[in-house]
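What follows is the content of input-v3.cif (mmCIF, C-alpha atoms).
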```
data_model
loop_
_atom_site.label_atom_id
_atom_site.label_comp_id
_atom_site.auth_asym_id
_atom_site.auth_seq_id
_atom_site.Cartn_x
_atom_site.Cartn_y
_atom_site.Cartn_z
CA MET A 1 -44.73 61.82 27.60
CA PHE A 2 -42.67 59.05 26.03
CA ARG A 3 -43.18 58.11 22.42
CA ASP A 4 -41.14 54.93 22.87
CA ARG A 5 -42.47 53.00 25.86
CA ILE A 6 -39.80 50.31 25.56
CA ALA A 7 -37.01 52.87 25.86
CA ALA A 8 -38.83 54.51 28.76
CA SER A 9 -39.15 51.19 30.63
CA LYS A 10 -35.54 50.08 30.15
CA PRO A 11 -34.20 52.04 33.16
CA LEU A 12 -36.77 50.27 35.33
CA VAL A 13 -35.77 46.87 33.94
CA PHE A 14 -32.13 47.80 34.53
CA LEU A 15 -32.84 48.59 38.19
CA LEU A 16 -34.89 45.42 38.63
CA CYS A 17 -31.96 43.37 37.35
CA LEU A 18 -29.76 44.96 40.04
CA VAL A 19 -32.17 44.10 42.87
CA PRO A 20 -30.72 40.58 43.42
CA LEU A 21 -27.22 42.03 43.76
CA ALA A 22 -28.43 44.73 46.16
CA ALA A 23 -30.21 42.07 48.26
CA LEU A 24 -27.07 39.96 48.31
CA VAL A 25 -24.92 42.89 49.41
CA TRP A 26 -27.45 43.78 52.11
CA ASP A 27 -27.57 40.21 53.43
CA THR A 28 -23.77 40.13 53.47
CA ILE A 29 -23.55 43.36 55.46
CA GLN A 30 -26.24 42.14 57.86
CA ASN A 31 -24.50 38.78 58.22
CA GLU A 32 -27.62 36.93 57.08
CA LEU A 33 -26.05 34.44 54.68
CA GLY A 34 -26.24 31.52 57.09
CA THR A 35 -23.53 29.19 58.29
CA ASP A 36 -21.80 28.98 54.89
CA PRO A 37 -21.83 32.50 53.45
CA VAL A 38 -19.46 31.69 50.59
CA ALA A 39 -21.72 28.90 49.37
CA GLN A 40 -24.69 31.27 49.55
CA LEU A 41 -22.85 33.89 47.52
CA GLU A 42 -21.99 31.33 44.88
CA HIS A 43 -25.46 29.82 44.81
CA ARG A 44 -27.42 33.05 44.58
CA THR A 45 -25.23 34.71 41.97
CA GLY A 46 -25.19 31.54 39.86
CA LEU A 47 -28.94 31.13 40.22
CA TRP A 48 -29.67 34.66 39.03
CA ALA A 49 -27.29 34.21 36.11
CA LEU A 50 -29.26 31.12 35.10
CA ARG A 51 -32.63 32.83 35.57
CA LEU A 52 -31.64 35.77 33.40
CA LEU A 53 -30.21 33.41 30.80
CA LEU A 54 -33.53 31.60 30.62
CA ALA A 55 -35.32 34.95 30.50
CA THR A 56 -33.44 35.82 27.32
CA LEU A 57 -34.50 32.48 25.84
CA ALA A 58 -38.10 33.20 26.83
CA ILE A 59 -38.30 36.27 24.60
CA THR A 60 -38.97 34.31 21.41
CA PRO A 61 -41.80 32.17 22.86
CA LEU A 62 -43.27 35.32 24.40
CA ARG A 63 -43.32 36.99 21.00
CA ARG A 64 -44.96 33.99 19.38
CA VAL A 65 -47.65 33.64 22.03
CA THR A 66 -48.51 37.31 22.50
CA GLY A 67 -47.46 38.83 19.19
CA TRP A 68 -45.51 41.45 21.18
CA ASN A 69 -42.50 41.68 18.88
CA LYS A 70 -41.02 44.67 20.67
CA ALA A 71 -40.12 42.39 23.59
CA VAL A 72 -36.97 41.51 21.65
CA ARG A 73 -35.58 44.92 22.63
CA TYR A 74 -35.16 43.69 26.21
CA ARG A 75 -33.13 40.66 25.20
CA ARG A 76 -29.71 42.29 25.00
CA MET A 77 -30.05 43.85 28.44
CA LEU A 78 -31.15 40.57 29.99
CA GLY A 79 -28.33 38.71 28.30
CA LEU A 80 -25.72 41.19 29.48
CA PHE A 81 -27.03 41.02 33.03
CA ALA A 82 -26.82 37.21 32.85
CA PHE A 83 -23.18 37.64 31.82
CA PHE A 84 -22.69 40.11 34.68
CA TYR A 85 -24.00 37.68 37.30
CA VAL A 86 -21.93 34.85 35.81
CA ASN A 87 -18.85 37.01 36.28
CA VAL A 88 -19.80 37.79 39.87
CA HIS A 89 -20.40 34.08 40.45
CA PHE A 90 -17.01 33.19 39.00
CA ALA A 91 -15.25 35.98 40.91
CA VAL A 92 -16.73 34.78 44.21
CA TYR A 93 -15.53 31.27 43.49
CA LEU A 94 -12.06 32.33 42.37
CA PHE A 95 -11.20 35.11 44.81
CA ILE A 96 -13.19 34.14 47.91
CA ASP A 97 -13.63 30.39 47.76
CA LEU A 98 -10.20 29.59 46.30
CA GLY A 99 -8.45 32.64 47.67
CA GLY A 100 -7.31 33.82 44.24
CA TYR A 101 -4.99 30.90 43.55
CA SER A 102 -5.08 30.47 39.79
CA ALA A 103 -3.31 27.11 39.98
CA ASP A 104 -6.18 25.77 42.05
CA ILE A 105 -8.78 26.77 39.49
CA VAL A 106 -6.89 24.93 36.75
CA GLU A 107 -6.78 21.81 38.92
CA GLN A 108 -10.48 22.12 39.79
CA ILE A 109 -11.46 22.52 36.12
CA ALA A 110 -9.48 19.43 35.19
CA LYS A 111 -10.79 17.21 38.01
CA LYS A 112 -14.41 18.21 38.61
CA PRO A 113 -16.86 17.86 35.71
CA TYR A 114 -19.37 20.38 37.09
CA ILE A 115 -16.64 23.02 37.18
CA THR A 116 -15.47 22.01 33.71
CA VAL A 117 -18.89 22.58 32.15
CA GLY A 118 -19.44 25.77 34.15
CA PHE A 119 -16.12 27.22 33.04
CA THR A 120 -16.85 26.21 29.44
CA ALA A 121 -20.19 28.02 29.59
CA TRP A 122 -18.42 31.15 30.84
CA LEU A 123 -15.88 30.98 28.01
CA LEU A 124 -18.65 30.63 25.42
CA LEU A 125 -20.43 33.66 26.88
CA LEU A 126 -17.44 35.91 26.26
CA PRO A 127 -17.83 36.27 22.47
CA LEU A 128 -21.58 36.76 22.86
CA ALA A 129 -21.11 39.57 25.36
CA PHE A 130 -18.40 41.30 23.34
CA SER A 131 -20.43 41.08 20.12
CA SER A 132 -23.63 42.50 21.59
CA THR A 133 -23.11 46.03 20.26
CA GLN A 134 -24.73 47.44 17.15
CA LYS A 135 -21.27 47.92 15.61
CA ALA A 136 -20.45 44.24 16.10
CA MET A 137 -23.80 43.22 14.61
CA ARG A 138 -23.13 45.25 11.47
CA ARG A 139 -19.58 43.92 11.19
CA LEU A 140 -20.54 40.27 11.59
CA GLY A 141 -23.67 40.41 9.46
CA ARG A 142 -25.30 36.99 9.14
CA ARG A 143 -22.52 35.42 11.19
CA TRP A 144 -23.80 37.34 14.23
CA GLY A 145 -26.97 35.25 14.34
CA GLN A 146 -24.99 32.03 13.93
CA LEU A 147 -22.61 33.06 16.72
CA HIS A 148 -25.42 33.86 19.13
CA LYS A 149 -26.95 30.44 18.68
CA LEU A 150 -24.28 29.40 21.17
CA ILE A 151 -26.75 30.58 23.82
CA TYR A 152 -28.48 27.20 23.62
CA ALA A 153 -25.28 25.28 24.35
CA ILE A 154 -24.39 27.76 27.10
CA ALA A 155 -27.76 27.30 28.81
CA LEU A 156 -27.43 23.52 28.61
CA LEU A 157 -23.93 23.62 30.08
CA ALA A 158 -25.11 25.93 32.87
CA LEU A 159 -27.92 23.54 33.72
CA LEU A 160 -25.52 20.60 33.79
CA HIS A 161 -23.24 22.62 36.05
CA PHE A 162 -26.14 23.20 38.44
CA LEU A 163 -27.38 19.60 38.27
CA TRP A 164 -23.96 18.05 38.90
CA LEU A 165 -23.18 20.53 41.65
CA VAL A 166 -26.21 19.53 43.72
CA LYS A 167 -25.50 16.31 45.58
CA ALA A 168 -28.75 15.52 47.38
CA ASP A 169 -32.06 17.17 46.48
CA LYS A 170 -32.03 17.74 42.73
CA ARG A 171 -35.57 19.08 42.41
CA GLU A 172 -34.45 22.68 41.95
CA PRO A 173 -32.05 22.07 39.03
CA LEU A 174 -34.54 19.66 37.47
CA ALA A 175 -37.21 22.38 37.59
CA TYR A 176 -34.94 24.73 35.65
CA ILE A 177 -34.15 21.95 33.18
CA ALA A 178 -37.90 21.53 32.62
CA VAL A 179 -38.27 25.26 31.93
CA PHE A 180 -35.40 25.10 29.45
CA ALA A 181 -36.98 22.09 27.72
CA LEU A 182 -40.28 23.95 27.33
CA LEU A 183 -38.52 26.99 25.89
CA MET A 184 -36.75 24.76 23.39
CA LEU A 185 -39.99 23.05 22.39
CA TRP A 186 -41.42 26.42 21.39
CA ARG A 187 -38.53 26.77 18.93
CA LEU A 188 -39.18 23.54 17.08
CA PRO A 189 -40.41 24.06 13.51
CA TRP A 190 -43.83 22.63 14.23
CA LYS A 191 -45.79 21.77 11.13
CA LYS A 192 -49.46 21.15 10.88
CA LEU A 193 -50.27 17.57 11.61
CA SER A 194 -52.68 17.57 8.75
CA SER A 195 -51.59 18.65 5.33
CA PRO A 196 -53.44 21.51 3.63
CA ASP A 197 -56.97 20.68 2.65
CA ARG A 198 -56.70 18.78 -0.55
CA ARG A 199 -60.09 17.41 -1.29
CA PRO A 200 -60.14 14.84 -4.04
CA SER A 201 -61.38 16.38 -7.24
CA PRO A 202 -64.62 14.93 -8.50
CA PRO A 203 -64.36 12.52 -11.41
CA PRO A 204 -64.79 14.12 -14.79
CA ARG A 205 -68.32 14.19 -16.00
CA THR A 206 -69.09 11.83 -18.81
CA HIS A 207 -72.26 11.83 -20.82
CA ALA A 208 -74.21 8.62 -20.55
CA PRO A 209 -74.61 6.86 -23.86
CA GLN A 210 -77.87 7.72 -25.44
CA THR A 211 -80.17 4.82 -26.10
CA GLN A 212 -83.25 4.70 -28.22
CA SER A 213 -86.40 4.12 -26.34
CA ASP A 214 -88.28 0.97 -27.11
#
```

Write out the structure in this file as structure tokens.
Amino acid sequence: MFRDRIAASKPLVFLLCLVPLAALVWDTIQNELGTDPVAQLEHRTGLWALRLLLATLAITPLRRVTGWNKAVRYRRMLGLFAFFYVNVHFAVYLFIDLGGYSADIVEQIAKKPYITVGFTAWLLLLPLAFSSTQKAMRRLGRRWGQLHKLIYAIALLALLHFLWLVKADKREPLAYIAVFALLMLWRLPWKKLSSPDRRPSPPPRTHAPQTQSD
């Protein structure tokens, strides 16, 4: 029925990316967010932003391992959904946690390092999100690829934000840091440990001096 299976599957991927938000809305309506609902809203939206960000970084290793090059066509959607959940995360913090007081957010950014790196990651995501269209890719040319390498710095800042935010049990952020490290290792320009087979050439043949028999 569909000649392009990737295009046919994109609506399903789109809906799957909305499932965490639907679950969060449902838990909010049902009052199932625990004793600190605001913290749960911040944690779950930030966590899904980080997961989707790592999912975009996983596309390249997936292509190298499986040879499935068409997987790259999911990357823009995953990246934009990561940006979407970051915005929801930031909106919850600004309008619910801080009550919409912009002066407070400036003070928090200046005083708390985990908020500083988180806010910096959000700022760096803005040009990536706005340059994700085909028109922007054509306009930027080679600079588009250079600009989107910011995703590595953004992921690192997001992980630092998560690590510094957690005060006690840091196993969860450390697990995500380990995943990020593995994804980065797959991007290293690994070279063969052994150089190409260069067998030493045999010495040139020389004729033995002829001697007269006795």

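If only C-alpha atoms are the atoms counted, then among A:Thr56, A:Thr45, A:Thr116, A:Thr66 the closest residue to A:Val86 is A:Thr45.
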
Item to complete: Could you jot down the atom CA of A:Arg171 to atom CA of A:Arg51 separation for me, Å, one decimal place?
Response: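 A separation of 15.6 Å between them.
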
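When you apply the PyMOL selection byres ((chain A and resi 112-114) around 12) to this structure, what comes back is Asp104, Ile105, Val106, Glu107, Gln108, Ile109, Ala110, Lys111, Ile115, Thr116, Val117, Gly118, Phe119, Thr120, Ala121, Leu157, Ala158, Leu159, Leu160, His161, Phe162, Leu163, Trp164, Leu165, Val166 and Lys167 of chain A.
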
Discussion item. Report as a ChimeraX atom specification all protein, DNA and RNA residues lying within 12 Å of A:Phe95, evaluated on only C-alpha atoms, omitting residues in the same chain fewer than 5 positions from it.
Written reply: /A:38,42,87-90,100-102,104-105

Item to complete: Could you tell me which of A:Ile151, A:Ala103, A:Leu41, A:Ile6 comes closest to A:Leu24 if we count only C-alpha atoms?
Response: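 Checking each candidate against A:Leu24, we get A:Leu41 as the closest.
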
Worksheet item: Just how far from atom CA of A:Ala22 is atom CA of A:Ala39, in Å to one decimal?
Response: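 Going from atom CA of A:Ala39 over to atom CA of A:Ala22, I get 17.5 Å.
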
Worksheet item: Can you list, as a VMD selection string, the residues that the PyMOL selection byres ((chain A and resi 20) around 12) selects here?
Response: chain A and resid 14 to 19 21 to 27 41 44 to 49 51 to 52 81 to 82 84 to 85 88

Practice prompt. Between atom CA of A:Ala181 and atom CA of A:Arg76, measure the distance and give it in Å to one decimal.
Written response: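 That distance, rounded to one decimal, is 21.6 Å.
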
Practice prompt. Expand the PyMOL selection byres ((chain A and resi 129) around 10) into the individual residues it matches in the shown file, reporting them as a ChimeraX atom specification.
Written response: /A:76,79-84,124-128,130-133,148

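Each of A:Arg138, A:Ala7, A:Thr60, A:Leu94 was checked against A:Val72 using all atoms listed in the file; the smallest atom-to-atom distance is that of A:Thr60.
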